[in-house]
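One file, final_18.txt, is given below (compact mmCIF, N, CA and C atoms).
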```
# COMPACT_ATOMS: atom_id res chain seq x y z
N MET D 1 5.76 -31.06 2.14
CA MET D 1 5.46 -29.71 1.72
C MET D 1 6.74 -28.89 1.59
N THR D 2 6.71 -27.99 0.65
CA THR D 2 7.85 -27.11 0.48
C THR D 2 7.68 -25.88 1.36
N LYS D 3 8.74 -25.11 1.44
CA LYS D 3 8.69 -23.91 2.27
C LYS D 3 7.66 -22.91 1.73
N ILE D 4 7.56 -22.82 0.41
CA ILE D 4 6.58 -21.90 -0.18
C ILE D 4 5.17 -22.33 0.17
N ASP D 5 4.91 -23.63 0.12
CA ASP D 5 3.58 -24.13 0.48
C ASP D 5 3.23 -23.79 1.92
N ASP D 6 4.22 -23.90 2.80
CA ASP D 6 3.99 -23.55 4.20
C ASP D 6 3.64 -22.08 4.35
N ARG D 7 4.37 -21.22 3.63
CA ARG D 7 4.11 -19.78 3.69
C ARG D 7 2.72 -19.46 3.14
N VAL D 8 2.35 -20.12 2.05
CA VAL D 8 1.03 -19.90 1.45
C VAL D 8 -0.06 -20.32 2.44
N ASP D 9 0.12 -21.45 3.09
CA ASP D 9 -0.85 -21.90 4.07
C ASP D 9 -0.97 -20.93 5.25
N GLU D 10 0.17 -20.34 5.68
CA GLU D 10 0.14 -19.36 6.77
C GLU D 10 -0.67 -18.13 6.36
N ILE D 11 -0.43 -17.66 5.14
CA ILE D 11 -1.16 -16.48 4.66
C ILE D 11 -2.65 -16.78 4.55
N LEU D 12 -2.98 -17.96 4.03
CA LEU D 12 -4.39 -18.32 3.90
C LEU D 12 -5.07 -18.46 5.27
N ALA D 13 -4.31 -18.92 6.27
CA ALA D 13 -4.88 -19.04 7.60
C ALA D 13 -5.16 -17.65 8.20
N LYS D 14 -4.27 -16.70 7.95
CA LYS D 14 -4.45 -15.35 8.49
C LYS D 14 -5.50 -14.56 7.71
N HIS D 15 -5.57 -14.83 6.40
CA HIS D 15 -6.47 -14.06 5.53
C HIS D 15 -7.34 -15.03 4.72
N PRO D 16 -8.38 -15.55 5.31
CA PRO D 16 -9.20 -16.56 4.62
C PRO D 16 -9.93 -16.04 3.38
N SER D 17 -10.01 -14.73 3.21
CA SER D 17 -10.68 -14.20 2.02
C SER D 17 -9.83 -14.31 0.76
N LEU D 18 -8.53 -14.55 0.94
CA LEU D 18 -7.64 -14.69 -0.21
C LEU D 18 -7.81 -16.07 -0.86
N THR D 19 -7.55 -16.11 -2.14
CA THR D 19 -7.53 -17.41 -2.83
C THR D 19 -6.10 -17.93 -2.83
N LYS D 20 -5.94 -19.20 -3.10
CA LYS D 20 -4.60 -19.79 -3.11
C LYS D 20 -3.70 -19.13 -4.16
N PRO D 21 -4.17 -18.89 -5.39
CA PRO D 21 -3.30 -18.21 -6.38
C PRO D 21 -2.86 -16.82 -5.93
N GLU D 22 -3.76 -16.10 -5.23
CA GLU D 22 -3.38 -14.78 -4.72
C GLU D 22 -2.30 -14.90 -3.66
N ALA D 23 -2.41 -15.88 -2.79
CA ALA D 23 -1.42 -16.09 -1.74
C ALA D 23 -0.08 -16.50 -2.35
N ILE D 24 -0.12 -17.33 -3.38
CA ILE D 24 1.12 -17.75 -4.06
C ILE D 24 1.78 -16.53 -4.70
N LYS D 25 0.99 -15.66 -5.28
CA LYS D 25 1.51 -14.45 -5.90
C LYS D 25 2.19 -13.56 -4.86
N ILE D 26 1.58 -13.43 -3.71
CA ILE D 26 2.15 -12.61 -2.63
C ILE D 26 3.50 -13.17 -2.20
N VAL D 27 3.56 -14.47 -1.98
CA VAL D 27 4.81 -15.10 -1.54
C VAL D 27 5.88 -14.97 -2.62
N THR D 28 5.51 -15.18 -3.87
CA THR D 28 6.46 -15.09 -4.96
C THR D 28 7.02 -13.68 -5.10
N GLU D 29 6.15 -12.69 -5.02
CA GLU D 29 6.59 -11.30 -5.12
C GLU D 29 7.52 -10.93 -3.98
N LYS D 30 7.22 -11.42 -2.79
CA LYS D 30 8.08 -11.13 -1.64
C LYS D 30 9.45 -11.75 -1.84
N ASN D 31 9.48 -12.99 -2.34
CA ASN D 31 10.75 -13.64 -2.59
C ASN D 31 11.58 -12.89 -3.63
N GLU D 32 10.93 -12.39 -4.66
CA GLU D 32 11.61 -11.62 -5.70
C GLU D 32 12.20 -10.33 -5.12
N ARG D 33 11.43 -9.66 -4.26
CA ARG D 33 11.95 -8.44 -3.64
C ARG D 33 13.16 -8.75 -2.77
N LYS D 34 13.10 -9.86 -2.04
CA LYS D 34 14.23 -10.24 -1.19
C LYS D 34 15.46 -10.57 -2.02
N LYS D 35 15.28 -11.28 -3.14
CA LYS D 35 16.40 -11.61 -4.02
C LYS D 35 17.03 -10.34 -4.58
N LYS D 36 16.19 -9.40 -5.00
CA LYS D 36 16.69 -8.15 -5.56
C LYS D 36 17.48 -7.37 -4.51
N LYS D 37 16.96 -7.33 -3.30
CA LYS D 37 17.62 -6.60 -2.23
C LYS D 37 18.98 -7.23 -1.91
N ARG D 38 19.02 -8.57 -1.87
CA ARG D 38 20.30 -9.27 -1.61
C ARG D 38 21.31 -8.99 -2.72
N ALA D 39 20.85 -9.00 -3.97
CA ALA D 39 21.74 -8.76 -5.10
C ALA D 39 22.30 -7.33 -5.05
N GLU D 40 21.45 -6.37 -4.72
CA GLU D 40 21.90 -4.98 -4.62
C GLU D 40 22.92 -4.83 -3.49
N LYS D 41 22.69 -5.50 -2.38
CA LYS D 41 23.61 -5.41 -1.25
C LYS D 41 24.96 -6.03 -1.62
N ALA D 42 24.93 -7.16 -2.30
CA ALA D 42 26.17 -7.82 -2.72
C ALA D 42 26.93 -6.93 -3.71
N GLU D 43 26.20 -6.29 -4.60
CA GLU D 43 26.83 -5.39 -5.57
C GLU D 43 27.51 -4.22 -4.87
N ARG D 44 26.84 -3.65 -3.88
CA ARG D 44 27.44 -2.54 -3.12
C ARG D 44 28.69 -3.01 -2.39
N GLU D 45 28.63 -4.18 -1.79
CA GLU D 45 29.79 -4.71 -1.07
C GLU D 45 30.96 -4.96 -2.02
N ASN D 46 30.67 -5.49 -3.20
CA ASN D 46 31.74 -5.74 -4.17
C ASN D 46 32.37 -4.43 -4.64
N ALA D 47 31.56 -3.42 -4.87
CA ALA D 47 32.07 -2.12 -5.29
C ALA D 47 32.94 -1.52 -4.19
N LYS D 48 32.49 -1.67 -2.97
CA LYS D 48 33.25 -1.15 -1.83
C LYS D 48 34.59 -1.87 -1.71
N LYS D 49 34.57 -3.18 -1.90
CA LYS D 49 35.79 -3.97 -1.82
C LYS D 49 36.77 -3.57 -2.92
N LEU D 50 36.27 -3.39 -4.14
CA LEU D 50 37.12 -2.99 -5.25
C LEU D 50 37.72 -1.60 -5.02
N LYS D 51 36.93 -0.71 -4.46
CA LYS D 51 37.42 0.64 -4.17
C LYS D 51 38.54 0.58 -3.14
N ASN D 52 38.36 -0.22 -2.11
CA ASN D 52 39.38 -0.36 -1.07
C ASN D 52 40.66 -0.98 -1.63
N GLU D 53 40.53 -1.98 -2.49
CA GLU D 53 41.70 -2.61 -3.09
C GLU D 53 42.44 -1.62 -3.97
N ALA D 54 41.70 -0.82 -4.73
CA ALA D 54 42.32 0.18 -5.61
C ALA D 54 43.08 1.22 -4.78
N SER D 55 42.51 1.64 -3.68
CA SER D 55 43.18 2.65 -2.86
C SER D 55 44.43 2.07 -2.22
N LEU D 56 44.45 0.80 -1.91
CA LEU D 56 45.64 0.18 -1.35
C LEU D 56 46.75 0.08 -2.39
N LEU D 57 46.39 -0.15 -3.64
CA LEU D 57 47.38 -0.25 -4.71
C LEU D 57 47.98 1.11 -5.06
N GLU D 58 47.22 2.18 -4.84
CA GLU D 58 47.72 3.53 -5.17
C GLU D 58 48.72 4.04 -4.16
N ARG D 59 48.72 3.52 -2.98
CA ARG D 59 49.65 4.00 -1.94
C ARG D 59 51.07 3.61 -2.31
N PRO D 60 52.01 4.56 -2.12
CA PRO D 60 53.42 4.25 -2.45
C PRO D 60 54.08 3.40 -1.42
```

Rendering of file as structure tokens:
Amino acid sequence: MTKIDDRVDEILAKHPSLTKPEAIKIVTEKNERKKKKRAEKAERENAKKLKNEASLLERP
């Protein structure tokens, strides 16, 4: 089993009224949100790093 299958099974065990496609959708959406959040954090870190490098180059 893959990690997604395990997560889907956990959700189905907690919420038996859900169907498998609904549980898969929940897991997929959560993964997408996590990817987006990681990408935004990396972008902020890169911008911060570039700003710091630029300020170091400006010093005489």

Inset, instruction - Give me, please, the distance in Å between atom C of Arg7 of chain D and atom C of Lys25 of chain D, quoted to one decimal. - result: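 Taking atom C of Arg7 of chain D and atom C of Lys25 of chain D, their separation equals 10.0 Å.
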
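Residue nearest Asp5 of chain D, chosen from D:Leu50, D:Thr28, D:Lys37, D:Ser17 and counting only C-alpha atoms: D:Thr28.
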
Inset, instruction - Measure the distance from atom CA of Leu12 of chain D to atom N of Ile24 of chain D in Å and round it to one decimal. - result: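 Computing it gives 8.5 Å between the two atoms.
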
Legend entry - Distance in Å - atom N of Glu10 of chain D versus atom C of Lys35 of chain D: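 Here the two named atoms are 22.1 Å from each other.
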
Only C-alpha atoms, please: chain D from the block, as a PDB file, in the first residue's frame.
```pdb
ATOM      1  CA  MET D   1       0.000   0.000   0.000  1.00  0.00           C
ATOM      2  CA  THR D   2       1.072   3.527  -0.655  1.00  0.00           C
ATOM      3  CA  LYS D   3       1.083   6.299   1.874  1.00  0.00           C
ATOM      4  CA  ILE D   4      -2.011   7.855   0.297  1.00  0.00           C
ATOM      5  CA  ASP D   5      -3.888   4.562   0.566  1.00  0.00           C
ATOM      6  CA  ASP D   6      -3.000   4.384   4.247  1.00  0.00           C
ATOM      7  CA  ARG D   7      -4.288   7.925   4.825  1.00  0.00           C
ATOM      8  CA  VAL D   8      -7.501   7.151   2.924  1.00  0.00           C
ATOM      9  CA  ASP D   9      -8.049   4.042   5.031  1.00  0.00           C
ATOM     10  CA  GLU D  10      -7.502   6.076   8.233  1.00  0.00           C
ATOM     11  CA  ILE D  11     -10.081   8.644   7.154  1.00  0.00           C
ATOM     12  CA  LEU D  12     -12.567   5.934   6.201  1.00  0.00           C
ATOM     13  CA  ALA D  13     -12.073   4.256   9.576  1.00  0.00           C
ATOM     14  CA  LYS D  14     -12.774   7.521  11.424  1.00  0.00           C
ATOM     15  CA  HIS D  15     -15.633   8.581   9.152  1.00  0.00           C
ATOM     16  CA  PRO D  16     -17.463   5.511   7.823  1.00  0.00           C
ATOM     17  CA  SER D  17     -20.128   7.658   6.144  1.00  0.00           C
ATOM     18  CA  LEU D  18     -17.576   8.892   3.592  1.00  0.00           C
ATOM     19  CA  THR D  19     -17.041   7.102   0.311  1.00  0.00           C
ATOM     20  CA  LYS D  20     -13.583   6.153  -0.891  1.00  0.00           C
ATOM     21  CA  PRO D  21     -13.545   8.810  -3.679  1.00  0.00           C
ATOM     22  CA  GLU D  22     -14.486  11.473  -1.119  1.00  0.00           C
ATOM     23  CA  ALA D  23     -11.663  10.367   1.178  1.00  0.00           C
ATOM     24  CA  ILE D  24      -9.200  10.381  -1.731  1.00  0.00           C
ATOM     25  CA  LYS D  25     -10.316  13.907  -2.598  1.00  0.00           C
ATOM     26  CA  ILE D  26      -9.745  15.042   0.996  1.00  0.00           C
ATOM     27  CA  VAL D  27      -6.237  13.582   1.087  1.00  0.00           C
ATOM     28  CA  THR D  28      -5.366  15.006  -2.327  1.00  0.00           C
ATOM     29  CA  GLU D  29      -6.580  18.487  -1.417  1.00  0.00           C
ATOM     30  CA  LYS D  30      -4.618  18.408   1.820  1.00  0.00           C
ATOM     31  CA  ASN D  31      -1.468  17.393  -0.034  1.00  0.00           C
ATOM     32  CA  GLU D  32      -1.963  20.248  -2.508  1.00  0.00           C
ATOM     33  CA  ARG D  33      -2.354  22.755   0.330  1.00  0.00           C
ATOM     34  CA  LYS D  34       0.821  21.445   1.952  1.00  0.00           C
ATOM     35  CA  LYS D  35       2.757  21.701  -1.332  1.00  0.00           C
ATOM     36  CA  LYS D  36       1.543  25.261  -1.853  1.00  0.00           C
ATOM     37  CA  LYS D  37       2.496  26.243   1.679  1.00  0.00           C
ATOM     38  CA  ARG D  38       5.990  24.731   1.277  1.00  0.00           C
ATOM     39  CA  ALA D  39       6.485  26.542  -2.040  1.00  0.00           C
ATOM     40  CA  GLU D  40       5.429  29.869  -0.524  1.00  0.00           C
ATOM     41  CA  LYS D  41       7.780  29.368   2.412  1.00  0.00           C
ATOM     42  CA  ALA D  42      10.685  28.527   0.099  1.00  0.00           C
ATOM     43  CA  GLU D  43       9.919  31.605  -1.997  1.00  0.00           C
ATOM     44  CA  ARG D  44       9.964  33.826   1.094  1.00  0.00           C
ATOM     45  CA  GLU D  45      13.256  32.309   2.228  1.00  0.00           C
ATOM     46  CA  ASN D  46      14.821  32.848  -1.200  1.00  0.00           C
ATOM     47  CA  ALA D  47      13.667  36.472  -1.272  1.00  0.00           C
ATOM     48  CA  LYS D  48      15.077  36.992   2.200  1.00  0.00           C
ATOM     49  CA  LYS D  49      18.385  35.431   1.182  1.00  0.00           C
ATOM     50  CA  LEU D  50      18.621  37.614  -1.940  1.00  0.00           C
ATOM     51  CA  LYS D  51      17.855  40.723   0.094  1.00  0.00           C
ATOM     52  CA  ASN D  52      20.588  39.870   2.596  1.00  0.00           C
ATOM     53  CA  GLU D  53      23.111  39.196  -0.184  1.00  0.00           C
ATOM     54  CA  ALA D  54      22.251  42.512  -1.850  1.00  0.00           C
ATOM     55  CA  SER D  55      22.706  44.418   1.400  1.00  0.00           C
ATOM     56  CA  LEU D  56      26.109  42.800   1.918  1.00  0.00           C
ATOM     57  CA  LEU D  57      27.217  43.847  -1.569  1.00  0.00           C
ATOM     58  CA  GLU D  58      26.142  47.471  -0.970  1.00  0.00           C
ATOM     59  CA  ARG D  59      28.364  47.891   2.072  1.00  0.00           C
ATOM     60  CA  PRO D  60      31.656  49.670   1.320  1.00  0.00           C
TER      61      PRO D  60
END
```
